[in-house]
$ cat my_file-v8.cif   # mmCIF, N, CA and C atoms
data_work
loop_
_atom_site.label_atom_id
_atom_site.label_comp_id
_atom_site.auth_asym_id
_atom_site.auth_seq_id
_atom_site.Cartn_x
_atom_site.Cartn_y
_atom_site.Cartn_z
N MET A 1 127.64 141.54 80.28
CA MET A 1 126.30 141.07 79.99
C MET A 1 125.59 140.62 81.27
N ARG A 2 126.36 140.11 82.21
CA ARG A 2 125.77 139.66 83.47
C ARG A 2 125.16 140.83 84.23
N ASN A 3 125.84 141.97 84.22
CA ASN A 3 125.32 143.15 84.92
C ASN A 3 124.00 143.62 84.30
N VAL A 4 123.92 143.53 82.98
CA VAL A 4 122.70 143.96 82.30
C VAL A 4 121.52 143.10 82.73
N LEU A 5 121.71 141.78 82.74
CA LEU A 5 120.63 140.87 83.13
C LEU A 5 120.26 141.03 84.60
N LEU A 6 121.27 141.19 85.44
CA LEU A 6 121.01 141.34 86.86
C LEU A 6 120.24 142.63 87.15
N LEU A 7 120.67 143.73 86.55
CA LEU A 7 119.96 145.00 86.75
C LEU A 7 118.55 144.94 86.17
N ALA A 8 118.39 144.30 85.02
CA ALA A 8 117.05 144.18 84.43
C ALA A 8 116.14 143.37 85.34
N LEU A 9 116.65 142.29 85.90
CA LEU A 9 115.84 141.46 86.79
C LEU A 9 115.46 142.22 88.06
N VAL A 10 116.44 142.83 88.69
CA VAL A 10 116.20 143.53 89.96
C VAL A 10 115.23 144.71 89.75
N LEU A 11 115.49 145.52 88.74
CA LEU A 11 114.62 146.68 88.52
C LEU A 11 113.26 146.27 87.97
N GLY A 12 113.19 145.13 87.28
CA GLY A 12 111.90 144.61 86.85
C GLY A 12 111.04 144.22 88.04
N VAL A 13 111.65 143.55 89.01
CA VAL A 13 110.92 143.17 90.22
C VAL A 13 110.51 144.41 91.01
N VAL A 14 111.41 145.38 91.11
CA VAL A 14 111.07 146.63 91.80
C VAL A 14 109.91 147.32 91.09
N GLY A 15 109.93 147.31 89.76
CA GLY A 15 108.84 147.90 89.00
C GLY A 15 107.52 147.19 89.24
N LEU A 16 107.55 145.86 89.33
CA LEU A 16 106.33 145.11 89.63
C LEU A 16 105.78 145.45 91.01
N VAL A 17 106.67 145.54 91.99
CA VAL A 17 106.23 145.85 93.35
C VAL A 17 105.66 147.27 93.41
N LEU A 18 106.35 148.21 92.81
CA LEU A 18 105.84 149.59 92.82
C LEU A 18 104.54 149.69 92.03
N GLY A 19 104.45 148.97 90.92
CA GLY A 19 103.21 148.96 90.15
C GLY A 19 102.06 148.39 90.95
N TYR A 20 102.33 147.34 91.72
CA TYR A 20 101.28 146.76 92.56
C TYR A 20 100.82 147.77 93.61
N VAL A 21 101.76 148.41 94.26
CA VAL A 21 101.42 149.37 95.32
C VAL A 21 100.64 150.56 94.74
N ILE A 22 101.01 150.99 93.54
CA ILE A 22 100.37 152.16 92.95
C ILE A 22 99.02 151.82 92.33
N PHE A 23 98.94 150.72 91.56
CA PHE A 23 97.77 150.47 90.73
C PHE A 23 96.78 149.45 91.29
N ALA A 24 97.14 148.65 92.28
CA ALA A 24 96.26 147.56 92.73
C ALA A 24 95.29 148.01 93.81
N ARG A 25 94.64 149.11 93.58
CA ARG A 25 93.64 149.62 94.51
C ARG A 25 92.26 149.27 93.98
N ALA A 26 91.40 148.80 94.85
CA ALA A 26 90.01 148.50 94.46
C ALA A 26 89.32 149.82 94.12
N PRO A 27 88.58 149.84 93.00
CA PRO A 27 87.94 151.10 92.59
C PRO A 27 86.95 151.66 93.60
N VAL A 28 86.25 150.79 94.31
CA VAL A 28 85.21 151.25 95.22
C VAL A 28 85.76 151.59 96.60
N THR A 29 86.52 150.66 97.18
CA THR A 29 86.97 150.83 98.56
C THR A 29 88.33 151.51 98.68
N GLY A 30 89.18 151.40 97.66
CA GLY A 30 90.51 151.97 97.74
C GLY A 30 91.51 151.08 98.44
N ASP A 31 91.08 149.88 98.86
CA ASP A 31 91.99 148.93 99.50
C ASP A 31 92.81 148.21 98.44
N LEU A 32 93.97 147.68 98.86
CA LEU A 32 94.77 146.89 97.94
C LEU A 32 94.07 145.58 97.61
N ILE A 33 94.10 145.20 96.35
CA ILE A 33 93.53 143.93 95.90
C ILE A 33 94.58 142.86 96.15
N SER A 34 94.16 141.70 96.62
CA SER A 34 95.13 140.64 96.90
C SER A 34 95.75 140.15 95.60
N ILE A 35 96.97 139.68 95.71
CA ILE A 35 97.69 139.17 94.55
C ILE A 35 96.96 137.97 93.98
N ARG A 36 96.41 137.14 94.82
CA ARG A 36 95.69 135.96 94.37
C ARG A 36 94.50 136.34 93.47
N ASN A 37 93.77 137.39 93.83
CA ASN A 37 92.64 137.83 93.01
C ASN A 37 93.10 138.37 91.67
N LEU A 38 94.28 138.95 91.61
CA LEU A 38 94.79 139.47 90.35
C LEU A 38 95.29 138.36 89.44
N ILE A 39 95.82 137.30 90.03
CA ILE A 39 96.42 136.22 89.23
C ILE A 39 95.41 135.18 88.80
N ASP A 40 94.54 134.75 89.70
CA ASP A 40 93.59 133.68 89.39
C ASP A 40 92.54 134.13 88.38
N PRO A 41 92.24 133.26 87.42
CA PRO A 41 91.16 133.60 86.49
C PRO A 41 89.81 133.52 87.19
N PRO A 42 88.83 134.27 86.71
CA PRO A 42 87.52 134.26 87.37
C PRO A 42 86.79 132.94 87.16
N ASP A 43 85.99 132.55 88.15
CA ASP A 43 85.19 131.33 88.07
C ASP A 43 83.75 131.69 87.75
N GLY A 44 83.26 131.20 86.63
CA GLY A 44 81.85 131.37 86.29
C GLY A 44 81.49 132.78 85.87
N LEU A 45 80.21 132.95 85.67
CA LEU A 45 79.68 134.23 85.19
C LEU A 45 79.85 135.33 86.23
N ILE A 46 79.58 135.02 87.49
CA ILE A 46 79.69 136.05 88.55
C ILE A 46 81.14 136.51 88.68
N GLY A 47 82.08 135.60 88.60
CA GLY A 47 83.49 135.97 88.68
C GLY A 47 83.91 136.88 87.54
N ARG A 48 83.41 136.60 86.34
CA ARG A 48 83.73 137.45 85.20
C ARG A 48 83.13 138.84 85.35
N ILE A 49 81.93 138.92 85.89
CA ILE A 49 81.29 140.22 86.09
C ILE A 49 82.07 141.03 87.13
N VAL A 50 82.46 140.38 88.21
CA VAL A 50 83.23 141.07 89.26
C VAL A 50 84.58 141.53 88.69
N THR A 51 85.18 140.71 87.85
CA THR A 51 86.45 141.08 87.23
C THR A 51 86.30 142.31 86.35
N GLU A 52 85.22 142.36 85.58
CA GLU A 52 85.00 143.51 84.70
C GLU A 52 84.69 144.77 85.50
N VAL A 53 83.87 144.65 86.53
CA VAL A 53 83.53 145.81 87.36
C VAL A 53 84.76 146.30 88.10
N GLY A 54 85.56 145.36 88.59
CA GLY A 54 86.77 145.71 89.33
C GLY A 54 87.91 146.17 88.45
N GLN A 55 87.75 146.09 87.15
CA GLN A 55 88.75 146.53 86.19
C GLN A 55 90.09 145.84 86.39
N PHE A 56 90.05 144.53 86.67
CA PHE A 56 91.27 143.77 86.93
C PHE A 56 92.18 143.72 85.71
N ALA A 57 91.64 143.69 84.51
CA ALA A 57 92.48 143.64 83.31
C ALA A 57 93.34 144.90 83.21
N ARG A 58 92.74 146.04 83.47
CA ARG A 58 93.49 147.30 83.42
C ARG A 58 94.56 147.36 84.51
N ILE A 59 94.20 146.88 85.69
CA ILE A 59 95.14 146.87 86.81
C ILE A 59 96.31 145.95 86.50
N ARG A 60 96.03 144.74 86.00
CA ARG A 60 97.09 143.80 85.63
C ARG A 60 98.01 144.41 84.58
N ARG A 61 97.43 145.02 83.56
CA ARG A 61 98.22 145.62 82.49
C ARG A 61 99.14 146.71 83.04
N ASN A 62 98.62 147.56 83.90
CA ASN A 62 99.45 148.64 84.46
C ASN A 62 100.59 148.10 85.31
N ILE A 63 100.32 147.06 86.08
CA ILE A 63 101.37 146.47 86.91
C ILE A 63 102.45 145.84 86.02
N LEU A 64 102.03 145.11 84.99
CA LEU A 64 103.00 144.49 84.09
C LEU A 64 103.81 145.53 83.32
N LEU A 65 103.17 146.61 82.92
CA LEU A 65 103.90 147.68 82.23
C LEU A 65 104.91 148.34 83.17
N SER A 66 104.60 148.45 84.43
CA SER A 66 105.55 149.00 85.41
C SER A 66 106.76 148.08 85.53
N GLY A 67 106.52 146.79 85.59
CA GLY A 67 107.63 145.83 85.65
C GLY A 67 108.47 145.86 84.39
N ALA A 68 107.83 145.96 83.23
CA ALA A 68 108.57 146.04 81.97
C ALA A 68 109.38 147.33 81.89
N GLY A 69 108.81 148.41 82.38
CA GLY A 69 109.55 149.68 82.41
C GLY A 69 110.77 149.60 83.30
N GLY A 70 110.61 148.96 84.45
CA GLY A 70 111.75 148.78 85.35
C GLY A 70 112.83 147.92 84.71
N ALA A 71 112.42 146.86 84.01
CA ALA A 71 113.39 146.00 83.33
C ALA A 71 114.11 146.77 82.22
N ALA A 72 113.38 147.60 81.50
CA ALA A 72 114.00 148.39 80.43
C ALA A 72 115.02 149.38 81.00
N VAL A 73 114.67 150.00 82.10
CA VAL A 73 115.63 150.91 82.76
C VAL A 73 116.85 150.13 83.22
N GLY A 74 116.64 148.91 83.72
CA GLY A 74 117.76 148.07 84.14
C GLY A 74 118.68 147.73 82.99
N VAL A 75 118.11 147.42 81.82
CA VAL A 75 118.94 147.12 80.64
C VAL A 75 119.74 148.35 80.23
N ILE A 76 119.09 149.50 80.20
CA ILE A 76 119.78 150.73 79.81
C ILE A 76 120.89 151.05 80.79
N LEU A 77 120.61 150.99 82.08
CA LEU A 77 121.66 151.25 83.09
C LEU A 77 122.78 150.23 83.00
N GLY A 78 122.43 148.97 82.77
CA GLY A 78 123.45 147.94 82.65
C GLY A 78 124.36 148.18 81.46
N LEU A 79 123.80 148.63 80.36
CA LEU A 79 124.62 148.93 79.19
C LEU A 79 125.52 150.14 79.42
N ILE A 80 124.99 151.13 80.12
CA ILE A 80 125.78 152.33 80.41
C ILE A 80 126.91 151.98 81.38
N VAL A 81 126.60 151.23 82.42
CA VAL A 81 127.63 150.85 83.40
C VAL A 81 128.64 149.91 82.77
N GLY A 82 128.18 149.04 81.87
CA GLY A 82 129.08 148.08 81.23
C GLY A 82 130.09 148.72 80.31
N ARG A 83 129.80 149.88 79.76
CA ARG A 83 130.72 150.56 78.85
C ARG A 83 131.80 151.32 79.59
N ARG A 84 131.63 151.54 80.86
CA ARG A 84 132.63 152.30 81.63
C ARG A 84 133.73 151.43 82.08
#
$ encode --input "my_file-v8.cif" --output "structure tokens"
Amino acid sequence: MRNVLLLALVLGVVGLVLGYVIFARAPVTGDLISIRNLIDPPDGLIGRIVTEVGQFARIRRNILLSGAGGAAVGVILGLIVGRR
């Protein structure tokens, strides 16, 4: 069981990092969006407008799904390795 949790954690973090590198591009400039901008909630009306235009919700969702996918692969690999 320890191997399953360890692999899920490690591959989940790898999935988050890869998801950030792949999906955290600003729509207009193509530069990486800072982690702070993705995590912090918007301040006021202007912040909410910038968040909607920048599609931060979609970017956050894709990054989290990448991390969840990595964790799922880690659980599956851990179960396969654990049976051997």
$ closest_residue --input "my_file-v8.cif" --among "A:Ile80, A:Val75, A:Val13, A:Ile39" --to "Arg60 (chain A)" --atoms "all atoms listed in the file"
A:Ile39
$ resolve_selection --input "my_file-v8.cif" --expression "the PyMOL selection byres ((chain A and resi 1-5) around 7)" --output "compact mmCIF listing (two decimals) with N, CA and C atoms, keeping the file's coordinate frame"
# COMPACT_ATOMS: atom_id res chain seq x y z
N LEU A 6 121.27 141.19 85.44
CA LEU A 6 121.01 141.34 86.86
C LEU A 6 120.24 142.63 87.15
N LEU A 7 120.67 143.73 86.55
CA LEU A 7 119.96 145.00 86.75
C LEU A 7 118.55 144.94 86.17
N ALA A 8 118.39 144.30 85.02
CA ALA A 8 117.05 144.18 84.43
C ALA A 8 116.14 143.37 85.34
N LEU A 9 116.65 142.29 85.90
CA LEU A 9 115.84 141.46 86.79
C LEU A 9 115.46 142.22 88.06
N VAL A 10 116.44 142.83 88.69
CA VAL A 10 116.20 143.53 89.96
C VAL A 10 115.23 144.71 89.75
N GLY A 74 116.64 148.91 83.72
CA GLY A 74 117.76 148.07 84.14
C GLY A 74 118.68 147.73 82.99
N VAL A 75 118.11 147.42 81.82
CA VAL A 75 118.94 147.12 80.64
C VAL A 75 119.74 148.35 80.23
N ILE A 76 119.09 149.50 80.20
CA ILE A 76 119.78 150.73 79.81
C ILE A 76 120.89 151.05 80.79
N LEU A 77 120.61 150.99 82.08
CA LEU A 77 121.66 151.25 83.09
C LEU A 77 122.78 150.23 83.00
N GLY A 78 122.43 148.97 82.77
CA GLY A 78 123.45 147.94 82.65
C GLY A 78 124.36 148.18 81.46
N LEU A 79 123.80 148.63 80.36
CA LEU A 79 124.62 148.93 79.19
C LEU A 79 125.52 150.14 79.42
N GLY A 82 128.18 149.04 81.87
CA GLY A 82 129.08 148.08 81.23
C GLY A 82 130.09 148.72 80.31
$ closest_residue --input "my_file-v8.cif" --among "A:Asp40, A:Ile35, A:Ala24, A:Val73" --to "Gln55 (chain A)" --atoms "only C-alpha atoms"
A:Ala24
$ atom_distance --input "my_file-v8.cif" --atom1 "CA of Gly12 (chain A)" --atom2 "CA of Gly70 (chain A)"
4.4 Å
$ atom_distance --input "my_file-v8.cif" --atom1 "atom C of Gly30 (chain A)" --atom2 "atom N of Leu65 (chain A)"
19.9 Å
$ select_by_dssp --input "my_file-v8.cif" --residues "chain A" --states "alpha helix (DSSP H)" --output "PyMOL selection string"
chain A and resi 2-23+35-39+44-53+56-83
$ atom_distance --input "my_file-v8.cif" --atom1 "atom C of Arg83 (chain A)" --atom2 "atom N of Leu16 (chain A)"
26.7 Å
$ resolve_selection --input "my_file-v8.cif" --expression "the PyMOL selection byres ((chain A and resi 18-22) around 7)" --output "MDAnalysis selection string"
chainID A and resid 13:17 23:25 62:64 66:67
$ closest_residue --input "my_file-v8.cif" --among "A:Ile59, A:Ile46, A:Ala68, A:Val81" --to "Ser34 (chain A)" --atoms "only C-alpha atoms"
A:Ile59
$ axis_aligned_box --input "my_file-v8.cif" --around "region 74-77 of chain A" --padding-each-side "3 Å" --output "AutoDock Vina command-line options"
--center_x 119.7 --center_y 149.2 --center_z 82.0 --size_x 12.1 --size_y 10.1 --size_z 10.3
